[in-house]
>>> print(open('work_18.csv').read())   # CSV, C-alpha atoms
chain,number,residue,atom,x,y,z
A,61,MET,CA,-23.8,-15.0,-16.9
A,62,GLY,CA,-25.9,-15.9,-13.9
A,63,THR,CA,-28.7,-13.5,-12.9
A,64,LYS,CA,-31.5,-13.3,-10.5
A,65,HIS,CA,-34.7,-11.2,-10.7
A,66,ALA,CA,-35.0,-8.2,-8.4
A,67,THR,CA,-38.0,-8.5,-6.1
A,68,ASN,CA,-39.9,-5.3,-6.9
A,69,SER,CA,-38.6,-4.6,-10.4
A,70,SER,CA,-38.5,-6.1,-13.9
A,71,GLU,CA,-34.8,-5.3,-13.9
A,72,VAL,CA,-32.2,-8.0,-13.2
A,73,GLN,CA,-29.6,-7.9,-10.4
A,74,VAL,CA,-26.2,-8.9,-11.8
A,75,SER,CA,-24.4,-11.7,-10.0
A,76,GLU,CA,-20.9,-11.0,-11.4
A,77,PHE,CA,-18.8,-8.2,-12.7
A,78,ILE,CA,-16.5,-8.3,-15.8
A,79,LEU,CA,-13.2,-6.5,-15.4
A,80,LEU,CA,-12.3,-5.3,-18.9
A,81,GLY,CA,-8.7,-4.3,-18.1
A,82,PHE,CA,-7.0,-1.1,-19.1
A,83,PRO,CA,-9.4,1.2,-20.9
A,84,GLY,CA,-8.6,2.2,-24.4
A,85,ILE,CA,-5.7,-0.2,-24.8
A,86,HIS,CA,-7.4,-3.6,-24.5
A,87,GLU,CA,-5.6,-5.0,-27.6
A,88,PHE,CA,-2.1,-3.9,-26.3
A,89,GLN,CA,-2.5,-4.6,-22.6
A,90,ILE,CA,-0.9,-8.0,-22.7
A,91,TRP,CA,2.5,-6.2,-23.1
A,92,LEU,CA,1.9,-4.6,-19.7
A,93,SER,CA,1.8,-8.0,-18.0
A,94,LEU,CA,5.5,-8.6,-18.3
A,95,PRO,CA,6.7,-5.5,-16.3
A,96,MET,CA,3.9,-6.0,-13.9
A,97,ALA,CA,4.8,-9.7,-13.3
A,98,LEU,CA,8.4,-8.7,-12.8
A,99,LEU,CA,7.4,-6.0,-10.3
A,100,TYR,CA,5.3,-8.5,-8.4
A,101,ILE,CA,8.1,-11.0,-8.3
A,102,VAL,CA,10.5,-8.3,-7.0
A,103,ALA,CA,8.0,-7.2,-4.4
A,104,LEU,CA,7.5,-10.8,-3.1
A,105,GLY,CA,11.2,-11.7,-3.2
A,106,ALA,CA,12.6,-8.4,-1.8
A,107,ASN,CA,10.1,-8.2,1.0
A,108,LEU,CA,10.6,-11.8,2.0
A,109,LEU,CA,14.3,-11.3,2.0
A,110,ILE,CA,13.9,-8.3,4.4
A,111,LEU,CA,11.7,-10.3,6.7
A,112,ILE,CA,14.1,-13.2,6.8
A,113,THR,CA,17.1,-10.9,7.3
A,114,ILE,CA,15.4,-9.0,10.2
A,115,TYR,CA,14.4,-12.3,11.8
A,116,LEU,CA,17.9,-13.9,11.6
A,117,GLU,CA,20.0,-10.9,12.4
A,118,PRO,CA,20.0,-10.0,16.1
A,119,ASN,CA,21.4,-6.4,15.4
A,120,LEU,CA,18.2,-5.7,13.5
A,121,HIS,CA,15.8,-6.5,16.4
A,122,GLN,CA,15.2,-2.8,16.9
A,123,PRO,CA,11.9,-0.8,16.6
A,124,MET,CA,13.0,0.9,13.3
A,125,TYR,CA,13.6,-2.5,11.6
A,126,GLN,CA,10.5,-4.1,13.3
A,127,PHE,CA,8.4,-1.4,11.7
A,128,LEU,CA,10.2,-2.1,8.4
A,129,GLY,CA,9.3,-5.8,8.8
A,130,ILE,CA,5.7,-4.9,9.3
A,131,LEU,CA,5.8,-2.7,6.2
A,132,ALA,CA,7.2,-5.7,4.3
A,133,VAL,CA,4.2,-7.8,5.4
A,134,VAL,CA,1.8,-5.1,4.4
A,135,ASP,CA,3.5,-4.6,1.0
A,136,ILE,CA,3.2,-8.4,0.3
A,137,GLY,CA,-0.5,-8.3,1.2
A,138,LEU,CA,-1.2,-5.1,-0.9
A,139,ALA,CA,0.5,-6.6,-4.0
A,140,THR,CA,-1.1,-10.0,-3.6
A,141,THR,CA,-4.7,-8.6,-3.2
A,142,SER,CA,-4.5,-7.3,-6.8
A,143,MET,CA,-1.7,-8.7,-9.0
A,144,PRO,CA,-2.7,-12.3,-9.3
A,145,LYS,CA,-6.2,-11.2,-10.6
A,146,ILE,CA,-4.7,-8.6,-12.9
A,147,LEU,CA,-2.2,-11.1,-14.4
A,148,ALA,CA,-5.1,-13.6,-14.8
A,149,ILE,CA,-7.0,-11.0,-16.8
A,150,LEU,CA,-4.1,-10.2,-19.0
A,151,TRP,CA,-2.8,-13.8,-19.6
A,152,PHE,CA,-5.9,-16.0,-19.4
A,153,ASP,CA,-8.7,-13.5,-20.1
A,154,ALA,CA,-10.2,-14.4,-16.7
A,155,LYS,CA,-12.3,-11.2,-16.6
A,156,THR,CA,-15.3,-12.3,-14.5
A,157,ILE,CA,-15.4,-11.8,-10.8
A,158,SER,CA,-18.3,-12.6,-8.4
A,159,LEU,CA,-19.8,-9.8,-6.4
A,160,PRO,CA,-18.5,-11.2,-3.0
A,161,GLU,CA,-15.0,-11.6,-4.4
A,162,CYS,CA,-15.1,-8.1,-5.8
A,163,PHE,CA,-16.3,-6.6,-2.5
A,164,ALA,CA,-13.6,-8.6,-0.7
A,165,GLN,CA,-10.9,-7.2,-3.0
A,166,ILE,CA,-12.2,-3.6,-2.3
A,167,TYR,CA,-11.9,-4.3,1.4
A,168,ALA,CA,-8.4,-5.8,1.2
A,169,ILE,CA,-7.1,-2.9,-1.0
A,170,HIS,CA,-8.5,-0.2,1.3
A,171,THR,CA,-7.2,-2.0,4.4
A,172,PHE,CA,-3.7,-2.6,3.2
A,173,MET,CA,-3.3,0.9,1.8
A,174,SER,CA,-4.4,2.5,5.0
A,175,MET,CA,-2.1,0.1,6.9
A,176,GLU,CA,0.8,1.2,4.7
A,177,SER,CA,0.0,4.8,5.6
A,178,GLY,CA,-0.2,3.9,9.3
A,179,VAL,CA,3.2,2.2,9.2
A,180,PHE,CA,4.8,5.3,7.6
A,181,LEU,CA,3.3,7.3,10.4
A,182,CYS,CA,4.8,4.9,13.0
A,183,MET,CA,8.2,5.1,11.3
A,184,ALA,CA,8.0,9.0,11.3
A,185,ILE,CA,7.2,9.0,15.0
A,186,ASP,CA,10.0,6.5,15.7
A,187,ARG,CA,12.6,8.7,13.9
A,188,TYR,CA,11.2,11.9,15.6
A,189,VAL,CA,11.7,10.4,19.1
A,190,ALA,CA,15.1,8.9,18.1
A,191,ILE,CA,16.5,12.3,16.8
A,192,CYS,CA,14.7,14.8,19.0
A,193,TYR,CA,14.8,12.9,22.2
A,194,PRO,CA,17.7,10.4,21.9
A,195,LEU,CA,18.2,9.9,25.6
A,196,GLN,CA,14.6,9.0,26.3
A,197,TYR,CA,14.2,7.0,23.1
A,198,PRO,CA,15.0,3.5,24.6
A,199,SER,CA,12.3,4.1,27.3
A,200,ILE,CA,9.7,5.5,25.0
A,201,VAL,CA,9.9,3.3,21.8
A,202,THR,CA,10.0,-0.1,23.5
A,203,GLU,CA,8.8,-3.5,22.2
A,204,ALA,CA,5.5,-2.8,23.9
A,205,PHE,CA,5.2,0.5,22.0
A,206,VAL,CA,5.8,-1.3,18.7
A,207,ILE,CA,3.1,-3.9,19.5
A,208,LYS,CA,0.5,-1.3,20.7
A,209,ALA,CA,1.2,0.9,17.6
A,210,THR,CA,0.9,-2.1,15.3
A,211,LEU,CA,-2.4,-3.3,16.9
A,212,SER,CA,-3.8,0.2,16.8
A,213,MET,CA,-2.9,0.6,13.2
A,214,LEU,CA,-4.4,-2.8,12.4
A,215,LEU,CA,-7.7,-2.1,14.2
A,216,ARG,CA,-8.0,1.4,12.7
A,217,SER,CA,-7.5,0.1,9.2
A,218,GLY,CA,-9.5,-3.0,9.6
A,219,LEU,CA,-12.6,-1.5,11.2
A,220,LEU,CA,-12.8,1.9,9.5
A,221,THR,CA,-12.7,0.3,6.0
A,222,ILE,CA,-15.5,-2.2,6.7
A,223,PRO,CA,-18.3,0.2,5.6
A,224,VAL,CA,-16.7,0.7,2.2
A,225,PRO,CA,-17.5,-2.8,0.8
A,226,VAL,CA,-20.6,-3.1,3.0
A,227,LEU,CA,-22.1,0.1,1.5
A,228,ALA,CA,-21.1,-1.1,-2.0
A,229,ALA,CA,-22.8,-4.4,-1.5
A,230,GLN,CA,-26.0,-2.7,-0.5
A,231,ARG,CA,-26.3,-1.0,-3.9
A,232,GLN,CA,-28.5,-2.4,-6.6
A,233,TYR,CA,-26.6,-3.4,-9.8
A,234,CYS,CA,-29.4,-3.8,-12.4
A,235,SER,CA,-28.0,-4.1,-15.9
A,236,ARG,CA,-24.4,-2.9,-16.4
A,237,ASN,CA,-21.7,-5.2,-15.1
A,238,GLU,CA,-18.6,-4.2,-17.1
A,239,ILE,CA,-15.9,-2.3,-15.2
A,240,ASP,CA,-13.4,-0.5,-17.3
A,241,HIS,CA,-10.6,-1.4,-14.9
A,242,CYS,CA,-8.4,-4.4,-14.1
A,243,LEU,CA,-9.3,-4.5,-10.4
A,244,CYS,CA,-12.4,-3.8,-8.2
A,245,SER,CA,-12.0,-0.1,-7.5
A,246,ASN,CA,-14.8,1.1,-5.1
A,247,LEU,CA,-15.6,4.2,-7.3
A,248,GLY,CA,-15.5,2.0,-10.4
A,249,VAL,CA,-17.9,-0.5,-8.9
A,250,ILE,CA,-20.5,1.8,-7.4
A,251,SER,CA,-20.6,3.8,-10.7
A,252,LEU,CA,-22.5,0.8,-12.1
A,253,ALA,CA,-25.2,1.0,-9.4
A,254,CYS,CA,-28.7,2.0,-10.5
A,255,ASP,CA,-29.6,3.6,-7.2
A,256,ASP,CA,-28.2,6.6,-5.2
A,257,ILE,CA,-24.4,6.3,-4.4
A,258,THR,CA,-24.1,9.6,-2.5
A,259,VAL,CA,-23.4,7.9,0.9
A,260,ASN,CA,-20.7,5.7,-0.8
A,261,ARG,CA,-18.9,8.7,-2.2
A,262,ASP,CA,-19.2,10.7,1.0
A,263,TYR,CA,-17.8,7.8,3.1
A,264,GLN,CA,-14.9,7.2,0.7
A,265,LEU,CA,-14.0,10.9,1.0
A,266,THR,CA,-14.4,10.9,4.8
A,267,LEU,CA,-12.2,7.8,5.1
A,268,ALA,CA,-9.5,9.3,2.9
A,269,TRP,CA,-9.3,12.4,5.1
A,270,LEU,CA,-9.6,10.4,8.4
A,271,ILE,CA,-6.8,8.0,7.6
A,272,LEU,CA,-4.6,9.3,4.8
A,273,GLY,CA,-5.2,13.0,5.3
A,274,ILE,CA,-4.5,12.9,9.1
A,275,ASP,CA,-1.5,10.6,8.6
A,276,MET,CA,0.0,12.8,6.0
A,277,ILE,CA,-0.3,15.9,8.2
A,278,LEU,CA,1.2,14.1,11.2
A,279,VAL,CA,4.1,12.7,9.1
A,280,CYS,CA,4.8,16.2,7.7
A,281,VAL,CA,4.7,17.7,11.2
A,282,SER,CA,7.1,15.0,12.5
A,283,TYR,CA,9.6,15.6,9.7
A,284,ALA,CA,9.4,19.4,10.1
A,285,LEU,CA,10.3,19.0,13.8
A,286,ILE,CA,13.1,16.6,12.9
A,287,ILE,CA,14.6,19.0,10.3
A,288,ARG,CA,14.3,21.9,12.8
A,289,SER,CA,16.0,19.8,15.5
A,290,VAL,CA,18.7,18.6,13.1
A,291,LEU,CA,19.5,22.1,11.9
A,292,ARG,CA,20.2,23.2,15.4
A,293,LEU,CA,23.0,20.6,15.8
A,294,ASN,CA,26.5,22.2,15.8
A,295,SER,CA,28.3,19.2,14.3
A,296,THR,CA,28.1,18.8,10.5
A,297,GLU,CA,28.8,15.1,10.9
A,298,ALA,CA,25.8,14.7,13.3
A,299,VAL,CA,23.6,16.6,10.9
A,300,SER,CA,24.7,14.3,8.0
A,301,LYS,CA,24.1,11.2,10.1
A,302,ALA,CA,20.7,12.3,11.3
A,303,LEU,CA,19.6,13.2,7.8
A,304,SER,CA,20.9,9.9,6.3
A,305,THR,CA,18.9,8.0,8.9
A,306,CYS,CA,15.7,9.7,7.8
A,307,SER,CA,16.4,9.9,4.0
A,308,SER,CA,15.0,6.4,3.2
A,309,HIS,CA,11.8,7.0,5.1
A,310,LEU,CA,11.4,10.5,3.5
A,311,ILE,CA,11.9,9.2,-0.1
A,312,LEU,CA,9.3,6.5,0.3
A,313,ILE,CA,6.8,8.7,2.2
A,314,MET,CA,7.0,11.5,-0.3
A,315,PHE,CA,6.5,9.0,-3.2
A,316,TYR,CA,3.5,7.4,-1.4
A,317,TYR,CA,1.6,10.5,-0.5
A,318,THR,CA,2.5,12.4,-3.7
A,319,ALA,CA,1.2,9.4,-5.7
A,320,ILE,CA,-2.1,9.5,-3.7
A,321,VAL,CA,-2.5,13.3,-4.4
A,322,ILE,CA,-1.8,12.8,-8.1
A,323,LEU,CA,-4.2,9.8,-8.2
A,324,SER,CA,-7.0,11.9,-6.6
A,325,VAL,CA,-6.5,14.8,-9.0
A,326,THR,CA,-6.4,12.5,-12.1
A,327,HIS,CA,-9.7,10.9,-11.1
A,328,LEU,CA,-11.3,14.3,-11.8
A,329,ALA,CA,-10.1,14.1,-15.4
A,330,GLY,CA,-10.9,10.4,-15.6
A,331,ARG,CA,-13.9,10.8,-17.9
A,332,ARG,CA,-11.8,12.4,-20.6
A,333,VAL,CA,-8.8,10.1,-20.3
A,334,PRO,CA,-9.9,7.0,-18.3
A,335,LEU,CA,-6.7,5.1,-18.8
A,336,ILE,CA,-4.6,7.5,-16.7
A,337,PRO,CA,-6.4,7.1,-13.3
A,338,VAL,CA,-6.6,3.3,-13.9
A,339,LEU,CA,-2.9,3.0,-14.7
A,340,LEU,CA,-1.9,5.2,-11.8
A,341,ASN,CA,-4.2,3.2,-9.5
A,342,VAL,CA,-2.5,-0.1,-10.5
A,343,MET,CA,1.0,1.4,-10.3
A,344,HIS,CA,0.3,2.8,-6.9
A,345,ILE,CA,-0.5,-0.7,-5.7
A,346,VAL,CA,2.4,-2.5,-7.4
A,347,ILE,CA,5.3,0.0,-7.3
A,348,PRO,CA,5.5,0.8,-3.6
A,349,PRO,CA,5.8,-2.9,-2.5
A,350,SER,CA,8.7,-3.3,-5.0
A,351,LEU,CA,10.3,0.1,-4.4
A,352,ASN,CA,10.2,0.1,-0.6
A,353,PRO,CA,12.6,-2.8,0.1
A,354,MET,CA,15.0,-1.6,-2.7
A,355,VAL,CA,15.3,1.9,-1.2
A,356,TYR,CA,16.0,0.5,2.2
A,357,ALA,CA,18.4,-2.1,0.9
A,358,LEU,CA,20.5,0.5,-1.0
A,359,ARG,CA,20.5,3.2,1.7
A,360,THR,CA,20.7,1.3,5.1
A,361,GLN,CA,24.1,0.0,6.0
A,362,GLU,CA,22.8,-2.4,8.7
A,363,LEU,CA,20.5,-4.1,6.3
A,364,LYS,CA,23.3,-4.5,3.8
A,365,VAL,CA,25.4,-6.2,6.4
A,366,GLY,CA,22.4,-8.4,7.3
A,367,PHE,CA,21.8,-9.4,3.7
A,368,ARG,CA,25.5,-10.4,3.4
A,369,LYS,CA,25.2,-12.6,6.5
A,370,VAL,CA,22.0,-14.2,5.2
A,371,PHE,CA,23.6,-15.0,1.8
A,372,ASP,CA,26.7,-16.3,3.5
A,373,LEU,CA,24.6,-18.6,5.7
A,374,SER,CA,22.6,-19.9,2.7
A,375,HIS,CA,25.9,-20.5,0.8
A,376,TYR,CA,27.3,-22.4,3.8
A,377,VAL,CA,24.1,-24.5,4.2
A,378,SER,CA,24.1,-25.4,0.5
A,379,ARG,CA,27.8,-26.4,0.6
A,380,LYS,CA,27.1,-28.7,3.5
>>> encode(input="work_18.csv", output="structure tokens")
Amino acid sequence: MGTKHATNSSEVQVSEFILLGFPGIHEFQIWLSLPMALLYIVALGANLLILITIYLEPNLHQPMYQFLGILAVVDIGLATTSMPKILAILWFDAKTISLPECFAQIYAIHTFMSMESGVFLCMAIDRYVAICYPLQYPSIVTEAFVIKATLSMLLRSGLLTIPVPVLAAQRQYCSRNEIDHCLCSNLGVISLACDDITVNRDYQLTLAWLILGIDMILVCVSYALIIRSVLRLNSTEAVSKALSTCSSHLILIMFYYTAIVILSVTHLAGRRVPLIPVLLNVMHIVIPPSLNPMVYALRTQELKVGFRKVFDLSHYVSRK
């Protein structure tokens, strides 16, 4: 392992980290690689299919499906920041990762996770306007609105997460370099530092509240207003249609934010059973990207029609 001497200390500054994998089950973790590889393939294939379908089907060129396309891109990015390295650890024992690569992974994971939260907020606002203000919807949620919302979400996620890896990179890593994890988690990395990490922990907590906390509150408020508006409708058919339109979003949003809350709580018990937060952390990165497209594919009629047209087109091209 390459090392360099710290300037004012006899201690050495590590130049790479070693990702040990899943704590407590190192000898069995190879068996986890198969379901994880399958989930990653599903995430890539299903999200690419959604992107192709939305692009080729003119009926899907609407804000709701444009946000779904953005979610598909974010999901591919989120899964790809982690899964190749995790599979390399499990299959090829490629456990070493340089400090710059580790800090880059920390940045990418935080950015894509906050972008996913931002897309869910955009989708909630889109459904809120569509159901509560249907007549004004075409003039409010325009293509310009989608572009501005996407750029705002991108800038917010990209800029606010920069201090996380920057602060981690400023710490001194003197002797310990083994991380009991299969990816570079910010808290896992800074726990190896031999100087004070209070500012790192404080910023991580602040960032979680600024992005995920505020998004979760706004999403809950949007759906509370949607449900109140829907229950005021006189027609049972109209109520059913409105709720079915929102059900896909609601299922995924509840899963996403519930998983974040559970992950936060289990980190408190992480010292007793370190496997649980690590496993939940990995699952929270790989399951949503594979779950999101499947929920939309099963519950959205317009997407089903679009899929059939895409498959019919590919069948026609292959026959020619």
>>> closest_residue(input="work_18.csv", among="A:Leu265, A:Val299, A:Val370, A:Ile347", to="Ser324 in chain A", atoms="all atoms listed in the file")
A:Leu265
>>> closest_atom_pairs(input="work_18.csv", of="range 297-374 of chain A", to="range 289-293 of chain A", cutoff="10 Å", atoms="all atoms listed in the file", output="Markdown table")
| residue | atom | partner | partner_atom | distance |
| --- | --- | --- | --- | --- |
| A:Glu297 | CA | A:Leu293 | CA | 9.4 |
| A:Ala298 | CA | A:Leu293 | CA | 7.0 |
| A:Val299 | CA | A:Val290 | CA | 5.7 |
| A:Ser300 | CA | A:Val290 | CA | 9.0 |
| A:Lys301 | CA | A:Val290 | CA | 9.6 |
| A:Ala302 | CA | A:Val290 | CA | 6.9 |
| A:Leu303 | CA | A:Val290 | CA | 7.6 |
>>> residues_around(input="work_18.csv", residues="Ser304 in chain A", least_positions_apart="6", cutoff="12 Å", atoms="all atoms listed in the file", output="list in words")
Arg187, Ile191, Ile287, Val290, Glu297, Ala298, Leu310, Ile311, Tyr356, Leu358, Arg359, Thr360 and Gln361 of chain A
>>> residues_near_point(input="work_18.csv", point="(-10.2, 0.4, -19.3)", cutoff="7 Å", atoms="all atoms listed in the file", output="JSON, numbers by chain")
{"A": [80, 81, 82, 83, 84, 240, 241, 334, 335]}
>>> residues_around(input="work_18.csv", residues="Arg368 in chain A", least_positions_apart="2", cutoff="12 Å", atoms="all atoms listed in the file", output="ChimeraX atom specification")
/A:109-110,113,116-117,357,361-366,370-375
>>> atom_distance(input="work_18.csv", atom1="CA of Cys242 in chain A", atom2="CA of Leu79 in chain A")
5.4 Å
